[in-house]
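What follows is coords.pdb (PDB, C-alpha atoms, pLDDT in the B column).
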```pdb
ATOM      1  CA  MET A 165     -14.332   8.762  18.294  1.00 71.00           C
ATOM      2  CA  PRO A 166     -12.383   8.218  15.028  1.00 80.00           C
ATOM      3  CA  HIS A 167     -11.305  11.230  13.008  1.00 86.00           C
ATOM      4  CA  VAL A 168     -12.063  11.410   9.303  1.00 88.00           C
ATOM      5  CA  PHE A 169     -10.382  13.853   6.978  1.00 86.00           C
ATOM      6  CA  LEU A 170     -10.468  14.552   3.260  1.00 89.00           C
ATOM      7  CA  GLU A 171      -7.190  14.828   1.415  1.00 85.00           C
ATOM      8  CA  SER A 172      -6.794  15.863  -2.198  1.00 86.00           C
ATOM      9  CA  ILE A 173      -3.961  14.013  -3.947  1.00 77.00           C
ATOM     10  CA  PRO A 174      -2.960  15.050  -7.472  1.00 83.00           C
ATOM     11  CA  ALA A 175      -3.286  12.382 -10.157  1.00 83.00           C
ATOM     12  CA  GLN A 176      -0.126  10.326 -10.518  1.00 84.00           C
ATOM     13  CA  ARG A 177       1.212   7.004 -11.734  1.00 87.00           C
ATOM     14  CA  LEU A 178       1.683   4.414  -9.013  1.00 91.00           C
ATOM     15  CA  GLY A 179       2.726   0.820  -8.538  1.00 95.00           C
ATOM     16  CA  ARG A 180      -0.073  -1.087  -6.764  1.00 96.00           C
ATOM     17  CA  ILE A 181      -0.504  -4.486  -5.143  1.00 97.00           C
ATOM     18  CA  LEU A 182      -3.051  -6.113  -2.834  1.00 98.00           C
ATOM     19  CA  HIS A 183      -1.135  -7.434   0.171  1.00 98.00           C
ATOM     20  CA  ILE A 184      -2.908 -10.219   2.060  1.00 98.00           C
ATOM     21  CA  GLY A 185      -1.430 -11.030   5.445  1.00 97.00           C
ATOM     22  CA  PRO A 186       0.073  -9.315   8.472  1.00 97.00           C
ATOM     23  CA  TYR A 187       1.472  -5.823   8.254  1.00 96.00           C
ATOM     24  CA  SER A 188       4.876  -7.150   9.315  1.00 96.00           C
ATOM     25  CA  GLN A 189       5.159  -8.951   5.954  1.00 97.00           C
ATOM     26  CA  GLU A 190       4.347  -5.962   3.728  1.00 97.00           C
ATOM     27  CA  GLU A 191       8.010  -5.444   2.812  1.00 96.00           C
ATOM     28  CA  ALA A 192       7.922  -8.477   0.479  1.00 97.00           C
ATOM     29  CA  SER A 193       4.970  -6.955  -1.386  1.00 97.00           C
ATOM     30  CA  PHE A 194       6.730  -3.585  -1.648  1.00 96.00           C
ATOM     31  CA  ALA A 195       9.726  -5.423  -3.127  1.00 96.00           C
ATOM     32  CA  LEU A 196       7.453  -6.929  -5.806  1.00 96.00           C
ATOM     33  CA  ILE A 197       6.141  -3.465  -6.707  1.00 96.00           C
ATOM     34  CA  SER A 198       9.669  -2.046  -6.891  1.00 94.00           C
ATOM     35  CA  THR A 199      10.867  -4.900  -9.115  1.00 96.00           C
ATOM     36  CA  ALA A 200       7.924  -4.463 -11.504  1.00 95.00           C
ATOM     37  CA  LEU A 201       8.473  -0.705 -11.715  1.00 95.00           C
ATOM     38  CA  GLU A 202      12.200  -1.089 -12.326  1.00 94.00           C
ATOM     39  CA  ARG A 203      11.582  -3.662 -15.079  1.00 96.00           C
ATOM     40  CA  ALA A 204       9.295  -1.104 -16.721  1.00 94.00           C
ATOM     41  CA  GLY A 205      12.115   1.451 -16.602  1.00 95.00           C
ATOM     42  CA  LEU A 206      10.545   3.422 -13.755  1.00 94.00           C
ATOM     43  CA  LYS A 207      12.129   4.388 -10.457  1.00 94.00           C
ATOM     44  CA  PRO A 208      10.101   3.840  -7.269  1.00 93.00           C
ATOM     45  CA  ALA A 209      10.065   6.637  -4.695  1.00 93.00           C
ATOM     46  CA  PRO A 210      10.684   5.869  -1.028  1.00 91.00           C
ATOM     47  CA  THR A 211       7.164   7.085  -0.198  1.00 91.00           C
ATOM     48  CA  HIS A 212       4.007   5.011  -0.293  1.00 93.00           C
ATOM     49  CA  ILE A 213       0.294   4.954   0.540  1.00 92.00           C
ATOM     50  CA  GLU A 214      -1.546   2.168   2.362  1.00 95.00           C
ATOM     51  CA  VAL A 215      -5.299   1.536   2.131  1.00 95.00           C
ATOM     52  CA  TYR A 216      -6.608  -0.834   4.800  1.00 96.00           C
ATOM     53  CA  ARG A 217      -9.501  -2.970   3.574  1.00 96.00           C
ATOM     54  CA  LYS A 218     -10.227  -4.921   6.762  1.00 95.00           C
ATOM     55  CA  ASP A 219     -10.488  -3.980  10.430  1.00 94.00           C
ATOM     56  CA  PRO A 220      -7.389  -5.312  12.262  1.00 93.00           C
ATOM     57  CA  GLY A 221      -9.435  -5.524  15.456  1.00 94.00           C
ATOM     58  CA  ARG A 222     -11.838  -7.995  13.844  1.00 96.00           C
ATOM     59  CA  THR A 223      -9.617  -9.828  11.369  1.00 96.00           C
ATOM     60  CA  ARG A 224      -6.908 -12.381  12.054  1.00 97.00           C
ATOM     61  CA  PRO A 225      -3.494 -11.196  10.796  1.00 96.00           C
ATOM     62  CA  ALA A 226      -3.273 -13.788   7.990  1.00 97.00           C
ATOM     63  CA  ALA A 227      -6.523 -12.444   6.473  1.00 97.00           C
ATOM     64  CA  LEU A 228      -5.760  -8.708   6.594  1.00 98.00           C
ATOM     65  CA  GLU A 229      -5.967  -6.954   3.228  1.00 98.00           C
ATOM     66  CA  THR A 230      -3.970  -3.817   2.455  1.00 97.00           C
ATOM     67  CA  VAL A 231      -3.703  -2.056  -0.886  1.00 97.00           C
ATOM     68  CA  LEU A 232      -0.106  -0.852  -1.167  1.00 97.00           C
ATOM     69  CA  LEU A 233       0.687   2.000  -3.529  1.00 96.00           C
ATOM     70  CA  ARG A 234       4.322   2.901  -4.316  1.00 95.00           C
ATOM     71  CA  GLU A 235       4.822   6.346  -5.762  1.00 92.00           C
ATOM     72  CA  LEU A 236       7.286   7.027  -8.576  1.00 93.00           C
ATOM     73  CA  ALA A 237      10.440   9.085  -8.111  1.00 90.00           C
ATOM     74  CA  ALA A 238      10.427  12.480  -9.775  1.00 80.00           C
TER      75      ALA A 238
END
```
Reformat the file's structure so that it appears as structure tokens.
Amino acid sequence: MPHVFLESIPAQRLGRILHIGPYSQEEASFALISTALERAGLKPAPTHIEVYRKDPGRTRPAALETVLLRELAA
């Protein structure tokens, strides 16, 4: 049985992108976020959050959707 938990995350500014494709290709999307943040004068943190929008057990890798959130360095 899956475990569900509630986590409270303080409000913060993030870089965000919708990555469509296999998880193994997420690094290119993270690079896009980092470039956009740096152009805006912001420094990306090494940490990130991933929100999975489709079930990998039912979706072919090319159609997976993941919201990638890159936090900002302090």
Legend entry - Selected residue, from A:Leu206, A:Ile184, A:Ala200, A:Leu178, that lies nearest to Glu235 (chain A) when counting all atoms listed in the file: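 With all atoms listed in the file as the atom set, the closest residue is A:Leu178.
Near Ala237 (chain A), within a cut-off of 12 Å and counting all atoms listed in the file, sit the residues Gln176, Arg177, Leu178, Gly179, Ser198, Leu201, Glu202, Gly205, Leu206, Lys207, Pro208, Ala209, Pro210, Thr211 and His212 of chain A, with same-chain residues fewer than 6 positions away left out.
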Inset, instruction - Please measure the separation of CA of Val231 (chain A) and CA of Tyr187 (chain A), giving the value in Å to one decimal. - result: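 If I compute the distance from CA of Val231 (chain A) to CA of Tyr187 (chain A), I get 11.2 Å.
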Inset, instruction - Within 9 Å of Arg217 (chain A), counting only C-alpha atoms, which residues show up once you throw out same-chain ones fewer than 6 positions away? Write them as a PyMOL selection string, please. - result: chain A and resi 228-231
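In this model, the gap between CA of Arg222 (chain A) and CA of Ala192 (chain A) comes to 23.9 Å.
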Give the padded box for region 192-209 of chain A as AutoDock Vina command-line options: axis-aligned, covering all atoms listed in the file, 5 Å on each side, centre and edge lengths in Å to one decimal.
```
--center_x 8.6 --center_y -0.9 --center_z -8.1 --size_x 17.2 --size_y 25.1 --size_z 27.2
```
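Nearest to Leu196 (chain A) of all the residues A:Ala238, A:Val215, A:Leu233, A:Ala175 is A:Leu233, counting all atoms listed in the file.
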Legend entry - Among the residues A:Met165, A:Glu214, A:Ile173, A:Arg224, the one that comes closest to Glu190 (chain A) [using all atoms listed in the file]: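 Result for the nearest residue to Glu190 (chain A): A:Glu214.
Coordinates place CA of Phe169 (chain A) at a distance of 26.5 Å from CA of Gly185 (chain A).
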Legend entry - Residue nearest Ala195 (chain A) - candidates A:Leu170, A:Lys218, A:Thr223, A:His183, atoms counted: all atoms listed in the file: A:His183
Legend entry - Nearest residue to Ala204 (chain A) from the set A:Leu236, A:Pro186, A:Ala227, A:Pro220 (distances using all atoms listed in the file):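 Checking each candidate against Ala204 (chain A), we get A:Leu236 as the closest.
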Just region 203-223 of chain A, please, as a PDB file, in the first residue's frame (only N, CA and C atoms).
```pdb
ATOM      1  N   ARG A 203      20.365  34.276 -15.808  1.00  0.00           N
ATOM      2  CA  ARG A 203      20.120  35.473 -16.629  1.00  0.00           C
ATOM      3  C   ARG A 203      19.325  36.524 -15.877  1.00  0.00           C
ATOM      4  N   ALA A 204      18.513  36.073 -14.920  1.00  0.00           N
ATOM      5  CA  ALA A 204      17.723  36.996 -14.098  1.00  0.00           C
ATOM      6  C   ALA A 204      18.513  37.488 -12.889  1.00  0.00           C
ATOM      7  N   GLY A 205      19.799  37.091 -12.809  1.00  0.00           N
ATOM      8  CA  GLY A 205      20.634  37.522 -11.702  1.00  0.00           C
ATOM      9  C   GLY A 205      20.440  36.708 -10.434  1.00  0.00           C
ATOM     10  N   LEU A 206      19.851  35.532 -10.561  1.00  0.00           N
ATOM     11  CA  LEU A 206      19.589  34.672  -9.412  1.00  0.00           C
ATOM     12  C   LEU A 206      20.494  33.449  -9.467  1.00  0.00           C
ATOM     13  N   LYS A 207      20.804  32.905  -8.309  1.00  0.00           N
ATOM     14  CA  LYS A 207      21.685  31.742  -8.257  1.00  0.00           C
ATOM     15  C   LYS A 207      20.874  30.504  -7.877  1.00  0.00           C
ATOM     16  N   PRO A 208      20.865  29.478  -8.750  1.00  0.00           N
ATOM     17  CA  PRO A 208      20.132  28.257  -8.419  1.00  0.00           C
ATOM     18  C   PRO A 208      20.838  27.460  -7.321  1.00  0.00           C
ATOM     19  N   ALA A 209      20.058  26.860  -6.451  1.00  0.00           N
ATOM     20  CA  ALA A 209      20.597  25.974  -5.416  1.00  0.00           C
ATOM     21  C   ALA A 209      20.765  24.577  -6.011  1.00  0.00           C
ATOM     22  N   PRO A 210      21.558  23.743  -5.388  1.00  0.00           N
ATOM     23  CA  PRO A 210      21.722  22.380  -5.901  1.00  0.00           C
ATOM     24  C   PRO A 210      20.506  21.496  -5.627  1.00  0.00           C
ATOM     25  N   THR A 211      19.596  21.972  -4.782  1.00  0.00           N
ATOM     26  CA  THR A 211      18.419  21.166  -4.427  1.00  0.00           C
ATOM     27  C   THR A 211      17.265  21.426  -5.372  1.00  0.00           C
ATOM     28  N   HIS A 212      16.354  20.457  -5.451  1.00  0.00           N
ATOM     29  CA  HIS A 212      15.198  20.613  -6.325  1.00  0.00           C
ATOM     30  C   HIS A 212      14.035  19.765  -5.815  1.00  0.00           C
ATOM     31  N   ILE A 213      12.872  20.001  -6.408  1.00  0.00           N
ATOM     32  CA  ILE A 213      11.651  19.251  -6.105  1.00  0.00           C
ATOM     33  C   ILE A 213      11.116  18.732  -7.430  1.00  0.00           C
ATOM     34  N   GLU A 214      10.596  17.514  -7.424  1.00  0.00           N
ATOM     35  CA  GLU A 214       9.987  16.933  -8.620  1.00  0.00           C
ATOM     36  C   GLU A 214       8.546  16.547  -8.305  1.00  0.00           C
ATOM     37  N   VAL A 215       7.628  16.918  -9.194  1.00  0.00           N
ATOM     38  CA  VAL A 215       6.219  16.561  -9.062  1.00  0.00           C
ATOM     39  C   VAL A 215       5.855  15.713 -10.278  1.00  0.00           C
ATOM     40  N   TYR A 216       5.521  14.461 -10.034  1.00  0.00           N
ATOM     41  CA  TYR A 216       5.223  13.523 -11.121  1.00  0.00           C
ATOM     42  C   TYR A 216       3.748  13.607 -11.488  1.00  0.00           C
ATOM     43  N   ARG A 217       3.476  13.925 -12.746  1.00  0.00           N
ATOM     44  CA  ARG A 217       2.092  14.116 -13.191  1.00  0.00           C
ATOM     45  C   ARG A 217       1.484  12.870 -13.819  1.00  0.00           C
ATOM     46  N   LYS A 218       2.289  11.905 -14.195  1.00  0.00           N
ATOM     47  CA  LYS A 218       1.767  10.690 -14.821  1.00  0.00           C
ATOM     48  C   LYS A 218       2.397   9.464 -14.175  1.00  0.00           C
ATOM     49  N   ASP A 219       1.658   8.386 -14.148  1.00  0.00           N
ATOM     50  CA  ASP A 219       2.094   7.126 -13.558  1.00  0.00           C
ATOM     51  C   ASP A 219       3.107   6.447 -14.475  1.00  0.00           C
ATOM     52  N   PRO A 220       4.371   6.268 -14.028  1.00  0.00           N
ATOM     53  CA  PRO A 220       5.372   5.645 -14.897  1.00  0.00           C
ATOM     54  C   PRO A 220       5.061   4.186 -15.228  1.00  0.00           C
ATOM     55  N   GLY A 221       4.211   3.559 -14.438  1.00  0.00           N
ATOM     56  CA  GLY A 221       3.817   2.183 -14.723  1.00  0.00           C
ATOM     57  C   GLY A 221       2.784   2.073 -15.831  1.00  0.00           C
ATOM     58  N   ARG A 222       2.154   3.193 -16.166  1.00  0.00           N
ATOM     59  CA  ARG A 222       1.099   3.196 -17.187  1.00  0.00           C
ATOM     60  C   ARG A 222       1.409   4.100 -18.380  1.00  0.00           C
ATOM     61  N   THR A 223       2.522   4.794 -18.318  1.00  0.00           N
ATOM     62  CA  THR A 223       2.849   5.786 -19.343  1.00  0.00           C
ATOM     63  C   THR A 223       4.182   5.439 -19.982  1.00  0.00           C
TER      64      THR A 223
END
```
